[in-house]
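Below is one structure, written out as structure tokens, with a few remarks after it.
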Amino acid sequence: MMRGVTGRLMLLDTASLYFRAYFGMPESVKAPDGTPVNAVRGLLEFIDRLVKDHRPDHLVACMDADWRPQWRVDLIPSYKAHRVAEVRSAGPDEEEVPDTLSPQVPVIEAVLDALGIARVGVEPYEADDVIGTFTARAVGPVDIVTGDRDLYQLVDDSRGVRVLYPLKGVGTLQLTDEAWLREKYGVDGPGYAALALLRGDPSDGLPGVPGIGEKTASKLLAEFGDLAGIMAAVEDPEAKLTPSQRKRLDESRPYVAVAPKVVKVADDVPLPVVDTALPHAPRDPAALEELAVRWGLGGSLQRLLSTLGA
């Protein structure tokens, strides 16, 4: 739930951004005790730049409470399977993460909390689902900041929902709206989910329909409107499908039946009540000061604090 959200809401796909920060900033950026803090400082720099450039009224750091939800795996067992580092009998499987990144995540969480930036993760959902639910409930414009194209499905010009996709750091962002999606893929937001489902996505372990790549998926959606229209065309001998397309789509029915639930971002996550307003001063100055000294957050934190206070 959101308390009194009016104005521009910015939703951060936090893990996607700290991964980028980690790989974009050298590991030589360290705390006084020699622990790498490149992801922590890089994320603070990202948030500083985003707030400066886009001036949101509300900001939420959306988290993966479960990066590979069992309800998605039950439908498509290969979902993110190649990224599992350790299978656990209780709780989510452990994701493969660089050794020097994992210890930085609790520091990131503590710093966001001390700053007073809303941080939301809900079991058993991914950050994408939290973003989808905040977007569905928002009354004003929404900027979704992510390096994950899956969230293109939420783009909606009529509601002012766009994706800011980092090309280089967050200084260069691709502003993804419906015009951009149509130009690049020939689809709108919901059409992007259908395109991704048909094409498949190796990075998420989604098999797709064999022999149907991005261009073919785009053409089929233009011809038949949506996934239901394409599958109805398989039954229609008059429909403009090649024999191999018809055969492959027909053979992929079991996948096409379950994949929409896996690919579609949830919009009904039970969100906690949080204050999403952009903080202008730290919620816990003493804790923040302690974290700044302990982890050597220096100029990265100071710049963000002065931006928030401006």
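We label chains A, B, ... in the order they appear in the structure tokens, count residues from 1 in each chain, and number ligands from 1 in the order shown.
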
field: Shell around segment 294-310 of chain A at 12 Å using only C-alpha atoms, local window under 4 positions removed, as JSON, numbers by chain
entry: {"A": [29, 30, 31, 32, 33, 34, 35, 36, 37, 38, 39, 40, 41, 42, 43, 44, 45, 46, 47, 48, 49, 50, 51, 52, 53, 54, 55, 56, 57, 58, 59, 103, 104, 106, 107, 108, 110, 111, 112, 114, 115, 116, 117, 277, 278, 279, 280, 281, 282, 283, 285, 287, 288, 289, 290]}

- request: Show which residues sit within 12 Å of segment 158-165 of chain A, as a PyMOL selection string. Count only C-alpha atoms, and ignore same-chain residues fewer than 5 positions away.
  value: chain A and resi 7-13+16-17+20+50+53-54+131-132+134-153+170-181+188-189

Of the listed residues A:Val262, A:Leu206, A:Leu291, A:Ala194, that which approaches Gly229 of chain A most closely, counting only C-alpha atoms: A:Ala194

- request: Please run DSSP on the backbone and report, as a PyMOL selection string, all residues within segment 47-234 of chain A that come out as alpha helix (DSSP H).
  value: chain A and resi 47-54+70-75+104-115+127-137+178-185+189-199+214-224+227-234

message: Env of Leu241 of chain A: 10 Å cut, atoms = only C-alpha atoms, seq-sep filter 5 positions within chain, self excluded. Answer as a PyMOL selection string.
response: chain A and resi 220+223+230+233-234+236+246-247+249

- prompt: Could you write out, as a PyMOL selection string, all the residues of segment 104-246 of chain A that DSSP marks as strand (DSSP E)?
  reply: chain A and resi 118-120+142-145+161-168+172-176

Written file, previous selection with C-alpha atoms, as a tab-separated table (two decimals), in the first residue's frame:
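Wrote result.tsv, looks like this:
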```tsv
chain	number	residue	atom	x	y	z
A	118	ALA	CA	11.22	2.99	1.12
A	119	ARG	CA	12.48	-0.56	0.54
A	120	VAL	CA	9.90	-3.23	-0.35
A	142	VAL	CA	5.63	6.21	-13.02
A	143	ASP	CA	9.32	5.90	-13.93
A	144	ILE	CA	10.62	2.31	-13.66
A	145	VAL	CA	14.42	2.15	-13.53
A	161	VAL	CA	4.32	4.72	-17.26
A	162	ARG	CA	7.76	4.47	-18.87
A	163	VAL	CA	10.92	2.44	-18.35
A	164	LEU	CA	14.28	4.16	-17.85
A	165	TYR	CA	16.78	1.58	-19.10
A	166	PRO	CA	20.44	2.29	-18.26
A	167	LEU	CA	22.72	2.13	-21.30
A	168	LYS	CA	25.85	3.43	-19.56
A	172	THR	CA	22.64	7.62	-20.24
A	173	LEU	CA	19.14	6.19	-20.00
A	174	GLN	CA	16.94	4.94	-22.79
A	175	LEU	CA	13.48	6.39	-22.16
A	176	THR	CA	11.23	3.52	-23.19
```

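Interatomic distance, atom CA of Tyr125 of chain A against atom CA of Tyr18 of chain A: 18.7 Å.
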
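All residues of protein, DNA or RNA that reach within 10 Å of Gln70 of chain A, judged by only C-alpha atoms and not counting those fewer than 6 positions away in the chain, are Ile76, Pro77, Tyr79, Gly91, Pro92, Asp93, Pro124 and Tyr125 of chain A.
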
query: So how far away is atom CA of Pro69 of chain A from atom CA of Ser102 of chain A, in Å?
result: 19.5 Å

- request: Find the spatial neighbours of Val263 of chain A, counting only C-alpha atoms, within a cut-off of 8 Å - ignore same-chain residues fewer than 3 positions away - and output them as a list in words.
  value: Asp150, Ala193, Ala196, Leu197, Ala259 and Pro260 of chain A

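The shell of residues at most 12 Å from His82 of chain A, with only C-alpha atoms counted and near chain neighbours (fewer than 6 positions) removed, consists of Arg68, Asp93, Glu94, Glu95, Glu96, Pro202, Ser203, Asp204, Gly205 and Leu206 of chain A.
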
Write a file of the just-selected residues containing all heavy atoms, as a PDB file, in the first residue's frame.
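Contents of again_6.pdb, freshly written:
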```pdb
ATOM      1  N   ARG A  68      13.501 -16.471  -7.453  1.00  0.00           N
ATOM      2  CA  ARG A  68      13.035 -17.556  -8.341  1.00  0.00           C
ATOM      3  C   ARG A  68      11.835 -18.242  -7.681  1.00  0.00           C
ATOM      4  O   ARG A  68      11.935 -19.349  -7.166  1.00  0.00           O
ATOM      5  CB  ARG A  68      14.191 -18.549  -8.544  1.00  0.00           C
ATOM      6  CG  ARG A  68      13.933 -19.655  -9.545  1.00  0.00           C
ATOM      7  CD  ARG A  68      15.193 -20.486  -9.760  1.00  0.00           C
ATOM      8  NE  ARG A  68      14.946 -21.530 -10.748  1.00  0.00           N
ATOM      9  CZ  ARG A  68      14.898 -22.843 -10.460  1.00  0.00           C
ATOM     10  NH1 ARG A  68      15.079 -23.263  -9.215  1.00  0.00           N
ATOM     11  NH2 ARG A  68      14.668 -23.714 -11.418  1.00  0.00           N
ATOM     12  N   ASP A  93      15.994 -20.990  -3.268  1.00  0.00           N
ATOM     13  CA  ASP A  93      17.337 -21.441  -3.654  1.00  0.00           C
ATOM     14  C   ASP A  93      18.274 -20.238  -3.653  1.00  0.00           C
ATOM     15  O   ASP A  93      17.839 -19.099  -3.827  1.00  0.00           O
ATOM     16  CB  ASP A  93      17.316 -22.053  -5.071  1.00  0.00           C
ATOM     17  CG  ASP A  93      16.551 -23.367  -5.116  1.00  0.00           C
ATOM     18  OD1 ASP A  93      16.411 -24.002  -4.048  1.00  0.00           O
ATOM     19  OD2 ASP A  93      16.099 -23.748  -6.206  1.00  0.00           O
ATOM     20  N   GLU A  94      19.564 -20.525  -3.490  1.00  0.00           N
ATOM     21  CA  GLU A  94      20.537 -19.430  -3.471  1.00  0.00           C
ATOM     22  C   GLU A  94      20.956 -19.091  -4.900  1.00  0.00           C
ATOM     23  O   GLU A  94      21.253 -19.989  -5.693  1.00  0.00           O
ATOM     24  CB  GLU A  94      21.766 -19.832  -2.650  1.00  0.00           C
ATOM     25  CG  GLU A  94      22.684 -18.660  -2.379  1.00  0.00           C
ATOM     26  CD  GLU A  94      23.884 -19.058  -1.524  1.00  0.00           C
ATOM     27  OE1 GLU A  94      23.745 -19.968  -0.685  1.00  0.00           O
ATOM     28  OE2 GLU A  94      24.945 -18.453  -1.734  1.00  0.00           O
ATOM     29  N   GLU A  95      20.953 -17.799  -5.214  1.00  0.00           N
ATOM     30  CA  GLU A  95      21.317 -17.342  -6.556  1.00  0.00           C
ATOM     31  C   GLU A  95      22.830 -17.189  -6.653  1.00  0.00           C
ATOM     32  O   GLU A  95      23.499 -16.823  -5.699  1.00  0.00           O
ATOM     33  CB  GLU A  95      20.661 -15.991  -6.854  1.00  0.00           C
ATOM     34  CG  GLU A  95      20.897 -15.516  -8.281  1.00  0.00           C
ATOM     35  CD  GLU A  95      20.197 -14.203  -8.586  1.00  0.00           C
ATOM     36  OE1 GLU A  95      19.714 -13.538  -7.655  1.00  0.00           O
ATOM     37  OE2 GLU A  95      20.135 -13.850  -9.775  1.00  0.00           O
ATOM     38  N   GLU A  96      23.341 -17.511  -7.853  1.00  0.00           N
ATOM     39  CA  GLU A  96      24.769 -17.331  -8.109  1.00  0.00           C
ATOM     40  C   GLU A  96      25.076 -15.830  -8.167  1.00  0.00           C
ATOM     41  O   GLU A  96      24.574 -15.115  -9.029  1.00  0.00           O
ATOM     42  CB  GLU A  96      25.117 -17.972  -9.454  1.00  0.00           C
ATOM     43  CG  GLU A  96      26.506 -18.534  -9.498  1.00  0.00           C
ATOM     44  CD  GLU A  96      26.708 -19.411 -10.719  1.00  0.00           C
ATOM     45  OE1 GLU A  96      25.918 -20.355 -10.942  1.00  0.00           O
ATOM     46  OE2 GLU A  96      27.653 -19.122 -11.450  1.00  0.00           O
ATOM     47  N   PRO A 202      16.830 -16.765 -22.912  1.00  0.00           N
ATOM     48  CA  PRO A 202      17.825 -17.641 -22.283  1.00  0.00           C
ATOM     49  C   PRO A 202      18.262 -17.138 -20.904  1.00  0.00           C
ATOM     50  O   PRO A 202      18.531 -17.933 -20.011  1.00  0.00           O
ATOM     51  CB  PRO A 202      19.012 -17.619 -23.254  1.00  0.00           C
ATOM     52  CG  PRO A 202      18.461 -17.122 -24.556  1.00  0.00           C
ATOM     53  CD  PRO A 202      17.290 -16.263 -24.222  1.00  0.00           C
ATOM     54  N   SER A 203      18.285 -15.798 -20.708  1.00  0.00           N
ATOM     55  CA  SER A 203      18.753 -15.273 -19.420  1.00  0.00           C
ATOM     56  C   SER A 203      17.790 -15.618 -18.289  1.00  0.00           C
ATOM     57  O   SER A 203      18.163 -15.626 -17.120  1.00  0.00           O
ATOM     58  CB  SER A 203      18.971 -13.764 -19.501  1.00  0.00           C
ATOM     59  OG  SER A 203      17.734 -13.098 -19.598  1.00  0.00           O
ATOM     60  N   ASP A 204      16.514 -15.918 -18.625  1.00  0.00           N
ATOM     61  CA  ASP A 204      15.541 -16.328 -17.609  1.00  0.00           C
ATOM     62  C   ASP A 204      15.189 -17.818 -17.712  1.00  0.00           C
ATOM     63  O   ASP A 204      14.312 -18.300 -16.996  1.00  0.00           O
ATOM     64  CB  ASP A 204      14.250 -15.502 -17.730  1.00  0.00           C
ATOM     65  CG  ASP A 204      14.378 -14.139 -17.068  1.00  0.00           C
ATOM     66  OD1 ASP A 204      15.322 -13.956 -16.272  1.00  0.00           O
ATOM     67  OD2 ASP A 204      13.545 -13.258 -17.347  1.00  0.00           O
ATOM     68  N   GLY A 205      15.854 -18.531 -18.628  1.00  0.00           N
ATOM     69  CA  GLY A 205      15.545 -19.949 -18.796  1.00  0.00           C
ATOM     70  C   GLY A 205      14.179 -20.205 -19.399  1.00  0.00           C
ATOM     71  O   GLY A 205      13.559 -21.237 -19.153  1.00  0.00           O
ATOM     72  N   LEU A 206      13.690 -19.248 -20.214  1.00  0.00           N
ATOM     73  CA  LEU A 206      12.395 -19.434 -20.894  1.00  0.00           C
ATOM     74  C   LEU A 206      12.656 -20.005 -22.277  1.00  0.00           C
ATOM     75  O   LEU A 206      13.317 -19.360 -23.101  1.00  0.00           O
ATOM     76  CB  LEU A 206      11.665 -18.102 -21.040  1.00  0.00           C
ATOM     77  CG  LEU A 206      11.049 -17.494 -19.788  1.00  0.00           C
ATOM     78  CD1 LEU A 206      10.458 -16.136 -20.125  1.00  0.00           C
ATOM     79  CD2 LEU A 206       9.979 -18.402 -19.201  1.00  0.00           C
TER      80      LEU A 206
END
```

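If you measure from each of A:Leu227, A:Ala21, A:Met63, A:Val130 to Pro190 of chain A using only C-alpha atoms, the closest one turns out to be A:Leu227.
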
- prompt: Which one of A:Ala90, A:Val97, A:Val265, A:Tyr255 sits closest to Pro207 of chain A if you count only C-alpha atoms?
  reply: A:Tyr255
